[in-house]
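**Student:** Before we start, here is the structure in question, set down as structure tokens.
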Amino acid sequence: MEIIGMLLFIFTALRLVVSAFNFFSKPYLPENVTLDREPSVSVLISVCNQERNIGRLLDDLAEIGYHNMEIIVYGENITSRTLEAVTQRQQYLRITVLKGENPEKGWTGKNYAYDILARKSKGNYLIFMDVDVRVGGNFIPGAVKYMVDNDISLLSMFPCQIMTDMGSRITVPLLDWLLLSLVPVKIVEKFPDSSITAVNGEFLMFRREDYFAVRPHNVCRRENVTDLAIVELYRNCCYKTAVLLGSHDVYCRMYRGLRESVRGIARTVFDFFGRVEWLGYLFLIGTTLAPFIIFIYNGVVMGLIYLAMIVLIRVFVSLASHQSITRNILYIIPQQILLGVIMISATLSRIDRERG
């Protein structure tokens with residue numbers, strides 16, 4: 001057990017290094033960017049009866065003031081109020097509305113919508129955004145500059161999370177805790193042929209010529225969770241991908257309440273472990289039992305150092321993701337319990353799907 005305790009201690013030390021790297025490397029879009037020439041950008045949104053969210057997002061895009069931008073909205077069975085929210089803003093934005101249709105056989109709905117949106121677009125860069133994402137600052141010039149300067153084919157962003165209820169404040173930070181303590185996000189773009197990867201489907205930005213060379217939503221049309229499959233496809237084709245964190249430029253309220261948060265995070269929790277469930281459970285068991293094993297078998301001094309590392313990981317992750325340090329430290333135990341609930345929920349959902 002002493003050897004197991006030492007291995008858990010080393011693993012935690014490595015996670016501390018990763019979280020510190022993610023904080024100090026500042027994985028954000030460049031600020032105060034002025035482009036000599038504005039490449040054309042297509043913002044592509046699939047919406048279903050979310051008039052309040054689509055209205056806010058379109059207003060955000062209008063305030064950014066990026067002139068060479070088209071917006072295409074794809075809506076399936078949308079209500080008149082949602083349609084009105086879009087058409088009202090056609091007075092000052094270049095918006096095209098596409099009427100949704102039932103997906104063809106062998107397609108998931110989101111992939112079908114995104115493939116249609118891409119084929120209707122004209123921009124040099126394609127931005128696929130969920131309707132609940134909010135944007136500000138100069139995120140389009142910043143994103144364009146980052147992709148050009150670093151020769152990026154696919155840019156994904158983890159929006160800064162807005163959490164206004166207890167349920168989401170306990171659960172949603174788990175996503176950043178897993179990401180920023182396991183994945184050195186700036187390394188993703190440096191080594192396109194490595195197994196290190198991360199992606200968030202709420203914001204995906206593609207270089208047009210590479211997108212249509214790969215046709216990712218077409219290739220992955222049967223995938224229910226498309227984001228990771230697309231990144232793996234790009235990396236297999238030796239295209240350079242990158243992942244960044246949002247701050248004031250890209251943010252969203254992902255989930256509301258405990259139940260919705262657990263259900264939503266369960267859909268992607270094993271993506272952080274390469275979709276290998278036993279690795280996720282090994283991580284859960286190891287991080288749960290580590291303090292007991294280290295204190296009992298490796299001594300009080302090493303145990304106290306371990307606890308200090310756990311706290312420092314939370315500090316670096318909270319700073320990098322613009323979250324409350326105090327709250328994330330106080331919620332360490334509830335979050336560990338909920339991580340187990342989320343993983344079990346994910347496994348049960350997979351079993352239900354396999355049973356048909």
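Letters A, B, ... mark the chains of the structure tokens in the order given; residue numbers begin at 1 per chain; ligand numbers begin at 1, in order shown.
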Determine, for each residue of segment 17-131 of chain A having at least one atom at most 8 Å from an atom of segment 144-147 of chain A, the closest pair of atoms and their separation in Å to one decimal, counting only C-alpha atoms; order by chain and ascending number, as CSV.

**Tutor:**
```
residue,atom,partner,partner_atom,distance
A:Leu29,CA,A:Tyr146,CA,6.9
A:Pro30,CA,A:Tyr146,CA,7.1
A:Val33,CA,A:Lys145,CA,7.7
A:Leu35,CA,A:Lys145,CA,7.6
A:Pro39,CA,A:Val144,CA,7.9
A:Tyr125,CA,A:Val144,CA,8.0
```

**Student:** Would you save the residues of that selection, restricted to N, CA, C and O atoms, as a PDB file, in the first residue's frame?

**Tutor:**
```pdb
ATOM      1  N   LEU A  29      -7.864  33.966 -25.705  1.00  0.00           N
ATOM      2  CA  LEU A  29      -7.726  34.708 -26.952  1.00  0.00           C
ATOM      3  C   LEU A  29      -6.923  35.985 -26.718  1.00  0.00           C
ATOM      4  O   LEU A  29      -6.996  36.580 -25.642  1.00  0.00           O
ATOM      5  N   PRO A  30      -6.171  36.421 -27.723  1.00  0.00           N
ATOM      6  CA  PRO A  30      -5.466  37.704 -27.586  1.00  0.00           C
ATOM      7  C   PRO A  30      -6.468  38.848 -27.482  1.00  0.00           C
ATOM      8  O   PRO A  30      -7.550  38.808 -28.062  1.00  0.00           O
ATOM      9  N   VAL A  33      -7.241  43.281 -30.308  1.00  0.00           N
ATOM     10  CA  VAL A  33      -6.726  42.936 -31.635  1.00  0.00           C
ATOM     11  C   VAL A  33      -7.345  43.845 -32.690  1.00  0.00           C
ATOM     12  O   VAL A  33      -8.560  44.071 -32.699  1.00  0.00           O
ATOM     13  N   LEU A  35      -7.333  44.003 -36.849  1.00  0.00           N
ATOM     14  CA  LEU A  35      -6.935  43.309 -38.066  1.00  0.00           C
ATOM     15  C   LEU A  35      -6.802  44.293 -39.221  1.00  0.00           C
ATOM     16  O   LEU A  35      -7.645  45.179 -39.394  1.00  0.00           O
ATOM     17  N   PRO A  39     -11.090  38.938 -42.558  1.00  0.00           N
ATOM     18  CA  PRO A  39     -11.532  37.779 -43.350  1.00  0.00           C
ATOM     19  C   PRO A  39     -13.023  37.534 -43.113  1.00  0.00           C
ATOM     20  O   PRO A  39     -13.559  37.858 -42.046  1.00  0.00           O
ATOM     21  N   TYR A 125     -13.946  31.548 -42.457  1.00  0.00           N
ATOM     22  CA  TYR A 125     -13.932  30.850 -41.177  1.00  0.00           C
ATOM     23  C   TYR A 125     -15.371  30.540 -40.773  1.00  0.00           C
ATOM     24  O   TYR A 125     -16.263  31.381 -40.944  1.00  0.00           O
TER      25      TYR A 125
END
```

**Student:** Considering only C-alpha atoms, return as an mmCIF file with N, CA and C atoms, in the first residue's frame whatever protein or nucleic-acid residues lie within 7 Å of segment 159-165 of chain A, sequence-local ones (same chain, fewer than 2 positions apart) excluded.

**Tutor:**
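Result saved to part06.cif:
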```
data_model
loop_
_atom_site.group_PDB
_atom_site.id
_atom_site.type_symbol
_atom_site.label_atom_id
_atom_site.label_comp_id
_atom_site.auth_asym_id
_atom_site.auth_seq_id
_atom_site.Cartn_x
_atom_site.Cartn_y
_atom_site.Cartn_z
ATOM 1 N N MET A 157 -13.305 26.271 -27.816
ATOM 2 C CA MET A 157 -13.191 27.095 -26.605
ATOM 3 C C MET A 157 -14.120 26.567 -25.522
ATOM 4 N N GLY A 167 -26.837 24.124 -7.262
ATOM 5 C CA GLY A 167 -26.598 22.892 -7.998
ATOM 6 C C GLY A 167 -25.513 23.029 -9.043
ATOM 7 N N SER A 168 -25.577 24.098 -9.832
ATOM 8 C CA SER A 168 -24.556 24.294 -10.866
ATOM 9 C C SER A 168 -23.215 24.706 -10.263
ATOM 10 N N ARG A 169 -23.228 25.426 -9.144
ATOM 11 C CA ARG A 169 -21.969 25.836 -8.512
ATOM 12 C C ARG A 169 -21.181 24.654 -7.969
ATOM 13 N N LEU A 245 -9.515 28.812 -23.271
ATOM 14 C CA LEU A 245 -10.530 29.105 -22.264
ATOM 15 C C LEU A 245 -11.155 30.459 -22.561
ATOM 16 N N GLY A 246 -12.443 30.576 -22.294
ATOM 17 C CA GLY A 246 -13.115 31.859 -22.443
ATOM 18 C C GLY A 246 -12.984 32.686 -21.178
ATOM 19 N N SER A 247 -13.143 33.977 -21.314
ATOM 20 C CA SER A 247 -13.201 34.861 -20.140
ATOM 21 C C SER A 247 -14.376 35.799 -20.364
ATOM 22 N N VAL A 250 -16.026 34.942 -24.273
ATOM 23 C CA VAL A 250 -16.903 33.807 -24.559
ATOM 24 C C VAL A 250 -17.339 33.203 -23.229
ATOM 25 N N TYR A 251 -18.626 33.249 -22.959
ATOM 26 C CA TYR A 251 -19.111 32.746 -21.671
ATOM 27 C C TYR A 251 -20.529 32.214 -21.855
ATOM 28 N N CYS A 252 -21.009 31.433 -20.901
ATOM 29 C CA CYS A 252 -22.354 30.885 -21.015
ATOM 30 C C CYS A 252 -22.826 30.353 -19.667
ATOM 31 N N ARG A 253 -24.129 30.170 -19.571
ATOM 32 C CA ARG A 253 -24.702 29.437 -18.453
ATOM 33 C C ARG A 253 -25.072 28.068 -18.993
ATOM 34 N N MET A 254 -24.228 27.090 -18.712
ATOM 35 C CA MET A 254 -24.362 25.781 -19.330
ATOM 36 C C MET A 254 -25.580 25.017 -18.817
ATOM 37 N N GLY A 257 -29.449 24.178 -12.179
ATOM 38 C CA GLY A 257 -29.870 23.221 -11.171
ATOM 39 C C GLY A 257 -29.036 21.958 -11.155
ATOM 40 N N SER A 321 -9.955 29.534 -14.668
ATOM 41 C CA SER A 321 -11.322 29.487 -15.198
ATOM 42 C C SER A 321 -12.201 30.615 -14.664
#
```

**Student:** With 7 Å as the cut-off and only C-alpha atoms counted, what is the closest atom pair between each nearby residue of segment 232-279 of chain A and segment 149-153 of chain A? Distances in Å to one decimal, ordered by chain and number, as a Markdown table.

**Tutor:**
```
| residue | atom | partner | partner_atom | distance |
| --- | --- | --- | --- | --- |
| A:Tyr239 | CA | A:Ser153 | CA | 6.1 |
| A:Lys240 | CA | A:Ile152 | CA | 5.2 |
| A:Thr241 | CA | A:Ile152 | CA | 5.6 |
| A:Ala242 | CA | A:Ile152 | CA | 6.7 |
```

**Student:** Take the residues that were just selected and, keeping all heavy atoms, output them as a PDB file, in the first residue's frame.

**Tutor:**
```
ATOM      1  N   TYR A 239      -4.210  17.732 -39.141  1.00  0.00           N
ATOM      2  CA  TYR A 239      -4.561  19.139 -39.060  1.00  0.00           C
ATOM      3  C   TYR A 239      -4.337  19.616 -37.628  1.00  0.00           C
ATOM      4  O   TYR A 239      -4.586  18.878 -36.669  1.00  0.00           O
ATOM      5  CB  TYR A 239      -6.023  19.367 -39.449  1.00  0.00           C
ATOM      6  CG  TYR A 239      -6.291  19.254 -40.925  1.00  0.00           C
ATOM      7  CD1 TYR A 239      -7.075  18.217 -41.424  1.00  0.00           C
ATOM      8  CD2 TYR A 239      -5.773  20.182 -41.820  1.00  0.00           C
ATOM      9  CE1 TYR A 239      -7.339  18.102 -42.785  1.00  0.00           C
ATOM     10  CE2 TYR A 239      -6.029  20.080 -43.178  1.00  0.00           C
ATOM     11  CZ  TYR A 239      -6.805  19.039 -43.657  1.00  0.00           C
ATOM     12  OH  TYR A 239      -7.058  18.937 -45.000  1.00  0.00           O
ATOM     13  N   LYS A 240      -3.918  20.857 -37.496  1.00  0.00           N
ATOM     14  CA  LYS A 240      -3.578  21.401 -36.183  1.00  0.00           C
ATOM     15  C   LYS A 240      -4.837  21.912 -35.487  1.00  0.00           C
ATOM     16  O   LYS A 240      -5.610  22.681 -36.061  1.00  0.00           O
ATOM     17  CB  LYS A 240      -2.573  22.545 -36.364  1.00  0.00           C
ATOM     18  CG  LYS A 240      -1.811  22.917 -35.106  1.00  0.00           C
ATOM     19  CD  LYS A 240      -0.718  23.923 -35.441  1.00  0.00           C
ATOM     20  CE  LYS A 240       0.050  24.345 -34.202  1.00  0.00           C
ATOM     21  NZ  LYS A 240       1.069  25.370 -34.536  1.00  0.00           N
ATOM     22  N   THR A 241      -5.040  21.482 -34.252  1.00  0.00           N
ATOM     23  CA  THR A 241      -6.187  21.917 -33.456  1.00  0.00           C
ATOM     24  C   THR A 241      -5.694  22.641 -32.214  1.00  0.00           C
ATOM     25  O   THR A 241      -4.547  22.477 -31.796  1.00  0.00           O
ATOM     26  CB  THR A 241      -7.074  20.729 -33.054  1.00  0.00           C
ATOM     27  OG1 THR A 241      -6.351  19.889 -32.138  1.00  0.00           O
ATOM     28  CG2 THR A 241      -7.487  19.910 -34.265  1.00  0.00           C
ATOM     29  N   ALA A 242      -6.571  23.429 -31.614  1.00  0.00           N
ATOM     30  CA  ALA A 242      -6.232  24.146 -30.381  1.00  0.00           C
ATOM     31  C   ALA A 242      -7.471  24.279 -29.525  1.00  0.00           C
ATOM     32  O   ALA A 242      -8.600  24.275 -30.026  1.00  0.00           O
ATOM     33  CB  ALA A 242      -5.659  25.535 -30.706  1.00  0.00           C
TER      34      ALA A 242
END
```

**Student:** Might you pull out every residue within 10 Å of Leu258 of chain A, with only C-alpha atoms counted and same-chain residues fewer than 2 positions away left off, and present them as a PyMOL selection string?

**Tutor:** chain A and resi 165-172+255-256+260-264+338

**Student:** I want to know what sits within 9 Å of Ile230 of chain A, based on only C-alpha atoms, with residues of the same chain fewer than 5 positions away left out; could you give that as a VMD selection string?

**Tutor:** chain A and resid 216 to 217 219 to 220 235

**Student:** How would the residues just picked look written out with N, CA and C atoms as a PDB file, in the first residue's frame?

**Tutor:**
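File out28.pdb, as written:
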```pdb
ATOM      1  N   PRO A 216     -16.245  17.145 -41.552  1.00  0.00           N
ATOM      2  CA  PRO A 216     -16.319  16.411 -40.278  1.00  0.00           C
ATOM      3  C   PRO A 216     -17.719  16.037 -39.834  1.00  0.00           C
ATOM      4  N   HIS A 217     -18.703  16.921 -40.015  1.00  0.00           N
ATOM      5  CA  HIS A 217     -20.050  16.587 -39.572  1.00  0.00           C
ATOM      6  C   HIS A 217     -20.677  15.510 -40.455  1.00  0.00           C
ATOM      7  N   VAL A 219     -18.735  13.062 -41.980  1.00  0.00           N
ATOM      8  CA  VAL A 219     -18.019  11.837 -41.621  1.00  0.00           C
ATOM      9  C   VAL A 219     -18.512  11.289 -40.281  1.00  0.00           C
ATOM     10  N   CYS A 220     -18.794  12.204 -39.336  1.00  0.00           N
ATOM     11  CA  CYS A 220     -19.214  11.793 -37.983  1.00  0.00           C
ATOM     12  C   CYS A 220     -20.730  11.868 -37.812  1.00  0.00           C
ATOM     13  N   ARG A 235      -7.039  15.388 -36.113  1.00  0.00           N
ATOM     14  CA  ARG A 235      -5.672  15.054 -35.725  1.00  0.00           C
ATOM     15  C   ARG A 235      -5.152  13.846 -36.511  1.00  0.00           C
TER      16      ARG A 235
END
```

**Student:** Would you return as a PyMOL selection string the members of segment 155-343 of chain A that DSSP assigns to helix (DSSP H, G or I) on this structure's backbone?

**Tutor:** chain A and resi 166-171+173-182+185-190+208-214+216-219+226-236+257-266+269-273+277-297+300-321+325-330+332-343

**Student:** To one decimal in Å, tell me the separation between atom CA of Ser349 of chain A and atom CA of Val317 of chain A.

**Tutor:**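 Here the two named atoms are 29.0 Å from each other.
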
**Student:** Segment 70-73 of chain A: which residues within 6 Å, counting only C-alpha atoms, same-chain residues fewer than 2 positions away excluded, as a list in words?

**Tutor:** Ser42, Val43, Leu44, Ile45, Ser46, Arg94, Ile95, Thr96 and Val97 of chain A

**Student:** To one decimal place in Å, what is the distance between atom CA of Gln335 of chain A and atom CA of Leu174 of chain A?

**Tutor:**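 Rounded to one decimal, the two atoms are 6.9 Å apart.
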